[in-house]
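Trainee: Please find query-v9.csv (CSV, C-alpha atoms) on the next line:
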```
chain,number,residue,atom,x,y,z
A,40,MET,CA,97.7,-70.7,-136.9
A,41,THR,CA,96.9,-67.6,-138.9
A,42,ARG,CA,99.1,-68.8,-141.8
A,43,LYS,CA,97.4,-72.2,-141.8
A,44,ILE,CA,93.9,-70.7,-141.8
A,45,TRP,CA,94.8,-68.3,-144.6
A,46,SER,CA,96.3,-71.1,-146.7
A,47,ARG,CA,93.2,-73.2,-146.4
A,48,LEU,CA,90.9,-70.3,-147.4
A,49,SER,CA,93.0,-69.1,-150.3
A,50,HIS,CA,94.2,-72.3,-151.8
A,51,GLY,CA,91.2,-74.6,-151.2
A,52,HIS,CA,92.1,-77.4,-148.8
A,53,ASP,CA,89.9,-80.0,-150.7
A,54,ARG,CA,90.9,-79.0,-154.2
A,55,GLU,CA,93.2,-82.0,-155.0
A,56,ARG,CA,91.6,-84.5,-152.6
A,57,ALA,CA,89.8,-86.7,-155.1
A,58,ALA,CA,92.8,-87.1,-157.4
A,59,ALA,CA,95.1,-87.7,-154.4
A,60,ARG,CA,92.8,-90.3,-152.9
A,61,ALA,CA,92.5,-92.1,-156.2
A,62,TRP,CA,96.2,-92.2,-156.7
A,63,ALA,CA,96.8,-93.4,-153.2
A,64,ALA,CA,94.2,-96.2,-153.5
A,65,GLU,CA,95.7,-97.3,-156.8
A,66,HIS,CA,99.2,-97.7,-155.2
A,67,ALA,CA,98.2,-98.9,-151.8
A,68,GLU,CA,99.7,-102.1,-150.4
A,69,ASP,CA,98.9,-104.2,-147.3
A,70,MET,CA,101.0,-102.8,-144.5
A,71,ASN,CA,101.0,-106.0,-142.5
A,72,ALA,CA,102.3,-108.1,-145.4
A,73,TRP,CA,105.0,-105.5,-146.1
A,74,GLY,CA,106.1,-105.3,-142.5
A,75,ASN,CA,106.4,-109.1,-142.2
A,76,ALA,CA,108.4,-109.2,-145.5
A,77,VAL,CA,110.9,-106.6,-144.2
A,78,ASP,CA,111.4,-108.3,-140.8
A,79,PRO,CA,108.7,-110.5,-139.2
A,80,VAL,CA,110.4,-110.4,-135.7
A,81,LEU,CA,110.6,-106.6,-135.6
A,82,TRP,CA,107.2,-106.3,-137.1
A,83,ARG,CA,105.7,-108.5,-134.3
A,84,GLU,CA,107.7,-106.5,-131.8
A,85,GLY,CA,106.2,-103.3,-133.1
A,86,ARG,CA,102.7,-104.7,-133.0
A,87,GLU,CA,103.2,-105.9,-129.4
A,88,PHE,CA,104.4,-102.5,-128.4
A,89,ALA,CA,101.4,-100.8,-130.0
A,90,GLU,CA,99.0,-103.1,-128.2
A,91,SER,CA,100.8,-102.7,-124.9
A,92,LEU,CA,100.8,-98.9,-125.1
A,93,ALA,CA,97.1,-98.8,-126.0
A,94,ASP,CA,96.3,-101.0,-123.0
A,95,ARG,CA,98.5,-98.9,-120.7
A,96,VAL,CA,96.9,-95.5,-121.6
A,97,ARG,CA,93.3,-96.7,-122.2
A,98,PRO,CA,91.9,-95.6,-118.8
A,99,ARG,CA,93.4,-92.1,-119.2
A,100,MET,CA,92.2,-91.7,-122.8
A,101,GLU,CA,88.7,-92.8,-121.8
A,102,ALA,CA,88.7,-90.3,-119.0
A,103,LEU,CA,89.6,-87.5,-121.4
A,104,ALA,CA,87.0,-88.6,-123.9
A,105,ALA,CA,84.4,-88.5,-121.2
A,106,ALA,CA,85.5,-85.0,-120.4
A,107,GLY,CA,85.0,-84.0,-124.1
A,108,VAL,CA,88.7,-84.0,-125.0
A,109,ASP,CA,89.6,-85.7,-128.3
A,110,LEU,CA,93.3,-86.0,-129.0
A,111,GLY,CA,92.9,-88.2,-132.1
A,112,GLY,CA,93.9,-91.8,-132.5
A,113,ALA,CA,97.1,-93.7,-133.2
A,114,GLY,CA,98.4,-93.8,-136.8
A,115,GLY,CA,100.9,-96.3,-138.1
A,116,VAL,CA,102.5,-97.0,-134.8
A,117,GLU,CA,103.8,-100.4,-135.9
A,118,LEU,CA,105.2,-98.9,-139.1
A,119,LEU,CA,107.2,-96.2,-137.3
A,120,TYR,CA,108.5,-98.7,-134.8
A,121,LEU,CA,109.7,-101.0,-137.5
A,122,LEU,CA,111.4,-98.3,-139.5
A,123,THR,CA,113.1,-96.9,-136.5
A,124,ARG,CA,114.4,-100.3,-135.6
A,125,VAL,CA,115.7,-101.0,-139.1
A,126,VAL,CA,117.1,-97.6,-140.0
A,127,ARG,CA,118.6,-97.1,-136.6
A,128,PRO,CA,118.5,-93.3,-136.9
A,129,ALA,CA,121.1,-91.3,-135.0
A,130,LEU,CA,118.6,-88.4,-135.4
A,131,ALA,CA,114.9,-88.5,-136.3
A,132,LEU,CA,112.5,-85.6,-136.9
A,133,GLU,CA,108.7,-85.6,-136.6
A,134,THR,CA,106.0,-83.0,-137.0
A,135,GLY,CA,102.6,-83.2,-135.4
A,136,VAL,CA,102.9,-84.9,-132.0
A,137,ALA,CA,99.3,-84.5,-130.8
A,138,ALA,CA,98.7,-87.3,-128.2
A,139,GLY,CA,102.1,-88.8,-129.0
A,140,TRP,CA,101.4,-92.2,-130.4
A,141,SER,CA,104.0,-91.9,-133.1
A,142,THR,CA,106.4,-90.2,-130.7
A,143,ALA,CA,106.2,-93.1,-128.3
A,144,ALA,CA,106.7,-95.7,-131.1
A,145,ILE,CA,109.9,-94.0,-132.3
A,146,LEU,CA,111.3,-93.5,-128.8
A,147,ALA,CA,110.6,-97.1,-127.8
A,148,ALA,CA,112.3,-98.4,-130.9
A,149,MET,CA,115.3,-96.1,-130.2
A,150,ARG,CA,115.5,-97.5,-126.7
A,151,ALA,CA,115.5,-101.0,-128.1
A,152,ASN,CA,118.3,-99.9,-130.6
A,153,GLY,CA,120.3,-98.3,-127.8
A,154,THR,CA,120.9,-95.2,-129.9
A,155,GLY,CA,119.1,-92.2,-131.4
A,156,ARG,CA,117.4,-89.0,-130.6
A,157,LEU,CA,114.1,-87.6,-131.7
A,158,MET,CA,113.2,-83.9,-132.4
A,159,SER,CA,109.5,-83.2,-132.4
A,160,SER,CA,107.6,-80.2,-133.7
A,161,ASP,CA,104.1,-79.3,-132.7
A,162,PHE,CA,101.6,-76.6,-132.1
A,163,PRO,CA,99.0,-76.8,-129.3
A,164,PHE,CA,95.4,-77.5,-129.9
A,165,PHE,CA,94.0,-74.0,-129.8
A,166,ARG,CA,90.5,-75.3,-129.2
A,167,LEU,CA,91.4,-76.8,-125.7
A,168,ALA,CA,92.0,-75.1,-122.4
A,169,ASP,CA,95.7,-75.3,-121.3
A,170,PRO,CA,96.5,-77.3,-124.5
A,171,GLU,CA,100.2,-77.7,-123.9
A,172,ARG,CA,99.6,-80.3,-121.3
A,173,TYR,CA,98.1,-82.7,-123.9
A,174,ILE,CA,101.1,-82.7,-126.3
A,175,GLY,CA,102.7,-86.1,-126.0
A,176,TYR,CA,100.0,-87.2,-123.5
A,177,VAL,CA,100.6,-91.0,-124.1
A,178,VAL,CA,104.4,-90.9,-124.2
A,179,PRO,CA,105.7,-92.8,-121.2
A,180,ASN,CA,108.0,-90.8,-118.9
A,181,ASP,CA,110.7,-93.5,-119.1
A,182,LEU,CA,111.1,-92.8,-122.9
A,183,LYS,CA,111.5,-89.1,-122.7
A,184,SER,CA,115.3,-88.8,-122.2
A,185,ARG,CA,115.9,-89.1,-125.9
A,186,TRP,CA,113.2,-86.5,-126.8
A,187,SER,CA,113.4,-82.8,-127.7
A,188,LEU,CA,110.0,-81.1,-128.2
A,189,ARG,CA,109.3,-77.6,-129.6
A,190,ILE,CA,105.7,-76.3,-129.7
A,191,LYS,CA,105.9,-73.0,-131.6
A,192,GLY,CA,104.7,-74.4,-135.0
A,193,ASP,CA,106.8,-76.0,-137.7
A,194,ARG,CA,108.2,-72.8,-139.2
A,195,ARG,CA,109.7,-71.6,-136.0
A,196,ASN,CA,110.5,-75.1,-134.6
A,197,LEU,CA,112.5,-76.2,-137.6
A,198,GLU,CA,114.6,-73.1,-137.4
A,199,GLU,CA,115.6,-74.1,-133.9
A,200,PHE,CA,116.1,-77.8,-134.8
A,201,LEU,CA,117.8,-77.6,-138.1
A,202,SER,CA,121.2,-75.9,-137.8
A,203,PRO,CA,123.5,-76.1,-140.9
A,204,ASP,CA,125.2,-79.3,-139.7
A,205,THR,CA,122.1,-81.2,-138.5
A,206,MET,CA,121.5,-84.3,-140.5
A,207,VAL,CA,118.4,-86.5,-140.2
A,208,ASP,CA,118.0,-90.2,-140.9
A,209,LEU,CA,114.2,-90.7,-140.3
A,210,VAL,CA,111.4,-88.2,-140.9
A,211,HIS,CA,107.7,-88.4,-140.0
A,212,TYR,CA,105.4,-85.6,-141.2
A,213,ASP,CA,102.0,-85.4,-139.6
A,214,SER,CA,101.3,-81.7,-139.1
A,215,ASP,CA,100.0,-79.0,-141.6
A,216,LYS,CA,98.1,-81.0,-144.2
A,217,THR,CA,97.8,-78.2,-146.7
A,218,ARG,CA,99.9,-78.2,-149.9
A,219,ALA,CA,101.8,-75.1,-148.7
A,220,GLY,CA,102.6,-76.7,-145.4
A,221,ARG,CA,103.9,-79.9,-146.9
A,222,GLU,CA,105.9,-78.1,-149.6
A,223,PHE,CA,107.5,-75.8,-147.0
A,224,PHE,CA,108.5,-78.8,-145.0
A,225,LEU,CA,110.1,-80.6,-147.9
A,226,ARG,CA,112.1,-77.6,-149.0
A,227,ARG,CA,113.2,-76.8,-145.4
A,228,THR,CA,114.3,-80.3,-144.6
A,229,ARG,CA,115.9,-81.3,-148.0
A,230,PRO,CA,119.4,-80.1,-147.1
A,231,HIS,CA,119.3,-82.0,-143.8
A,232,LEU,CA,118.5,-85.5,-145.1
A,233,THR,CA,121.2,-88.2,-145.1
A,234,GLY,CA,121.8,-90.6,-147.9
A,235,ARG,CA,120.0,-93.3,-146.0
A,236,GLN,CA,117.0,-91.4,-144.9
A,237,VAL,CA,113.4,-92.7,-144.9
A,238,MET,CA,110.4,-90.3,-144.9
A,239,VAL,CA,106.9,-91.1,-143.7
A,240,MET,CA,104.0,-88.8,-144.5
A,241,ASP,CA,100.5,-89.2,-143.1
A,242,ASP,CA,97.2,-88.4,-144.8
A,243,ILE,CA,98.7,-88.3,-148.3
A,244,GLN,CA,95.1,-88.5,-149.7
A,245,ASP,CA,94.6,-84.8,-148.9
A,246,ASP,CA,96.6,-83.4,-151.8
A,247,LEU,CA,99.1,-84.5,-154.5
A,248,VAL,CA,102.3,-83.3,-152.8
A,249,PHE,CA,103.4,-86.8,-151.7
A,250,ARG,CA,102.8,-88.2,-155.2
A,251,GLU,CA,104.9,-85.4,-156.8
A,252,TYR,CA,107.7,-85.9,-154.3
A,253,ALA,CA,107.7,-89.7,-154.2
A,254,GLU,CA,107.7,-90.2,-158.0
A,255,ARG,CA,111.1,-88.4,-158.1
A,256,GLN,CA,112.5,-90.9,-155.5
A,257,PRO,CA,114.1,-94.3,-156.2
A,258,LEU,CA,111.2,-96.1,-154.4
A,259,PHE,CA,108.0,-95.4,-152.6
A,260,ARG,CA,105.3,-97.3,-150.8
A,261,VAL,CA,101.7,-96.4,-149.9
A,262,PHE,CA,99.7,-98.1,-147.2
A,263,ALA,CA,96.0,-97.8,-146.3
A,264,TYR,CA,95.3,-97.2,-142.7
A,265,GLU,CA,91.9,-96.7,-141.1
A,266,GLY,CA,90.4,-95.1,-144.2
A,267,LYS,CA,93.4,-92.9,-144.9
A,268,TYR,CA,96.8,-93.4,-146.5
A,269,ILE,CA,100.4,-93.2,-145.3
A,270,GLY,CA,103.3,-92.7,-147.8
A,271,VAL,CA,106.8,-93.9,-147.3
A,272,THR,CA,109.8,-93.0,-149.5
A,273,GLY,CA,113.4,-91.8,-149.3
A,274,SER,CA,116.8,-92.8,-150.4
A,275,GLY,CA,117.1,-95.5,-147.7
A,276,LEU,CA,113.9,-97.3,-148.4
A,277,ARG,CA,115.4,-99.8,-150.8
A,278,ALA,CA,118.0,-100.7,-148.1
A,279,VAL,CA,115.2,-101.3,-145.6
A,280,GLU,CA,113.5,-103.8,-148.0
A,281,ARG,CA,116.8,-105.6,-148.8
A,282,ARG,CA,117.5,-106.6,-145.2
```
Since I need it in another form, could you write the structure as structure tokens?

Mentor:
Amino acid sequence: MTRKIWSRLSHGHDRERAAARAWAAEHAEDMNAWGNAVDPVLWREGREFAESLADRVRPRMEALAAAGVDLGGAGGVELLYLLTRVVRPALALETGVAAGWSTAAILAAMRANGTGRLMSSDFPFFRLADPERYIGYVVPNDLKSRWSLRIKGDRRNLEEFLSPDTMVDLVHYDSDKTRAGREFFLRRTRPHLTGRQVMVMDDIQDDLVFREYAERQPLFRVFAYEGKYIGVTGSGLRAVERR
């Protein structure tokens, strides 16, 4: 947490935001149209899962909101479900669990695939009492057998997860949104990405890191989502679109 606060104070969290948002808006595509083009059956399956999960946890989330606890909303659940179903990762990595919407999507798709494990890195909400209990709050218990969770922050968690022979097929980054945080993650994970990996990065409008990374990749996509932008790239993205 100290590292994150210092980074924001010293580097200027908003410095690149205008340019990054303009670039993302220029390249943004319709996520629903893209998902249907990749696989309409799996896209519909993902949407149905997202709706079912939202209905299932709504009473609990409303109770939390009434108590003044805000865990944030869902982001790109259908997209992560689709990518997990298509890529069929043996091992996936995500950062930034929060309530666990993306976690649940990946785990549900892995269950449908009949294969895969998910490693998740998070850091508790320091502004809440007993914050650990809220991490992965919406993840159904019947999905957790494929899940490994670490909550010491990305720098420590990734050291535990990424041994020299660990290779990852699917990555979802949704934690430290500073330039320093994103650049560290990209450097640390690069040796562990397989030749068919797909990377998803949330809130790419906050800085230009995704643009700089994606423009060196064979292919990338940008999707608008609830006033923000999600970036997708990786050596396996072209294969996803060719199915």

Trainee: Find the nearest atom pair between each residue of region 62-137 of chain A and region 202-221 of chain A for residues within 12 Å, count all atoms listed in the file, give distances in Å to one decimal, sort rows by chain and ascending number, and present the table as JSON lines.

Mentor:
```
{"residue": "A:Ala113", "atom": "CA", "partner": "A:Asp213", "partner_atom": "CA", "distance": 11.6}
{"residue": "A:Gly114", "atom": "CA", "partner": "A:Asp213", "partner_atom": "CA", "distance": 9.6}
{"residue": "A:Gly115", "atom": "CA", "partner": "A:His211", "partner_atom": "CA", "distance": 10.6}
{"residue": "A:Val116", "atom": "CA", "partner": "A:His211", "partner_atom": "CA", "distance": 11.3}
{"residue": "A:Leu118", "atom": "CA", "partner": "A:His211", "partner_atom": "CA", "distance": 10.8}
{"residue": "A:Leu119", "atom": "CA", "partner": "A:His211", "partner_atom": "CA", "distance": 8.3}
{"residue": "A:Tyr120", "atom": "CA", "partner": "A:Leu209", "partner_atom": "CA", "distance": 11.3}
{"residue": "A:Leu121", "atom": "CA", "partner": "A:Leu209", "partner_atom": "CA", "distance": 11.6}
{"residue": "A:Leu122", "atom": "CA", "partner": "A:Leu209", "partner_atom": "CA", "distance": 8.1}
{"residue": "A:Thr123", "atom": "CA", "partner": "A:Leu209", "partner_atom": "CA", "distance": 7.4}
{"residue": "A:Arg124", "atom": "CA", "partner": "A:Leu209", "partner_atom": "CA", "distance": 10.7}
{"residue": "A:Val125", "atom": "CA", "partner": "A:Leu209", "partner_atom": "CA", "distance": 10.5}
{"residue": "A:Val126", "atom": "CA", "partner": "A:Leu209", "partner_atom": "CA", "distance": 7.5}
{"residue": "A:Arg127", "atom": "CA", "partner": "A:Asp208", "partner_atom": "CA", "distance": 8.2}
{"residue": "A:Pro128", "atom": "CA", "partner": "A:Asp208", "partner_atom": "CA", "distance": 5.1}
{"residue": "A:Ala129", "atom": "CA", "partner": "A:Asp208", "partner_atom": "CA", "distance": 6.8}
{"residue": "A:Leu130", "atom": "CA", "partner": "A:Val207", "partner_atom": "CA", "distance": 5.2}
{"residue": "A:Ala131", "atom": "CA", "partner": "A:Leu209", "partner_atom": "CA", "distance": 4.6}
{"residue": "A:Leu132", "atom": "CA", "partner": "A:Val210", "partner_atom": "CA", "distance": 4.9}
{"residue": "A:Glu133", "atom": "CA", "partner": "A:His211", "partner_atom": "CA", "distance": 4.5}
{"residue": "A:Thr134", "atom": "CA", "partner": "A:Tyr212", "partner_atom": "CA", "distance": 5.0}
{"residue": "A:Gly135", "atom": "CA", "partner": "A:Ser214", "partner_atom": "CA", "distance": 4.2}
{"residue": "A:Val136", "atom": "CA", "partner": "A:Asp213", "partner_atom": "CA", "distance": 7.7}
{"residue": "A:Ala137", "atom": "CA", "partner": "A:Ser214", "partner_atom": "CA", "distance": 9.0}
```

Trainee: Hey, what's within 12 Å of Ala72 (chain A) if we count all atoms listed in the file and toss same-chain stuff fewer than 5 positions away? As an MDAnalysis selection string, please?

Mentor: chainID A and resid 67 77:79 82:83 118 262

Trainee: Compare A:Thr228, A:Thr142, A:Ser274, A:Asn75 by their minimum atom-to-atom distance to Arg194 (chain A), counting all atoms listed in the file, and give me the closest one.

Mentor: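 So, comparing all the options, the nearest one is A:Thr228.
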
Trainee: With all atoms listed in the file as the counted atoms, please give the residues lying no more than 9 Å from Ala253 (chain A), apart from itself and same-chain residues fewer than 5 positions off, as a list of chain:residue names.

Mentor: A:Val248, A:Leu258, A:Phe259, A:Arg260, A:Gly270, A:Val271, A:Thr272, A:Gly273

Trainee: Rank A:Phe224, A:Ala144, A:Tyr252, A:Tyr173 by their smallest atom-to-atom distance to Gly192 (chain A), using all atoms listed in the file, and report the top residue only.

Mentor: A:Phe224

Trainee: Quick one: everything within 12 Å of Tyr268 (chain A), counting all atoms listed in the file, minus sequence neighbours fewer than 2 positions away in the same chain. Send it as a PyMOL selection string.

Mentor: chain A and resi 56+59-70+114-115+213+239-246+249-250+260-266+270-271

Trainee: Rounded to one decimal in Å, what is the spacing between CA of Gly85 (chain A) and CA of Arg172 (chain A)?

Mentor: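 Distance between the two atoms: 26.7 Å.
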
Trainee: If we count all atoms listed in the file and set the cut-off at 9 Å, which residues sit around Leu146 (chain A), ignoring sequence neighbours fewer than 5 positions away in its own chain? Please answer as a VMD selection string.

Mentor: chain A and resid 120 123 141 151 155 to 157 178 182 to 183 185 to 186

Trainee: How far is it from CA of Glu90 (chain A) to CA of Gly275 (chain A), in Å with one decimal?

Mentor: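 Here the two named atoms are 27.7 Å from each other.
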
Trainee: Measure the distance from CA of Glu280 (chain A) to CA of Gln256 (chain A) in Å and round it to one decimal.

Mentor: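 The value is 15.0 Å.
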
Trainee: My list of candidates is A:Trp140, A:Phe223, A:Trp73, A:Phe200. Which is closest to Val96 (chain A) when distances are computed with all atoms listed in the file?

Mentor: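 Ranked by minimum distance to Val96 (chain A), first place goes to A:Trp140.
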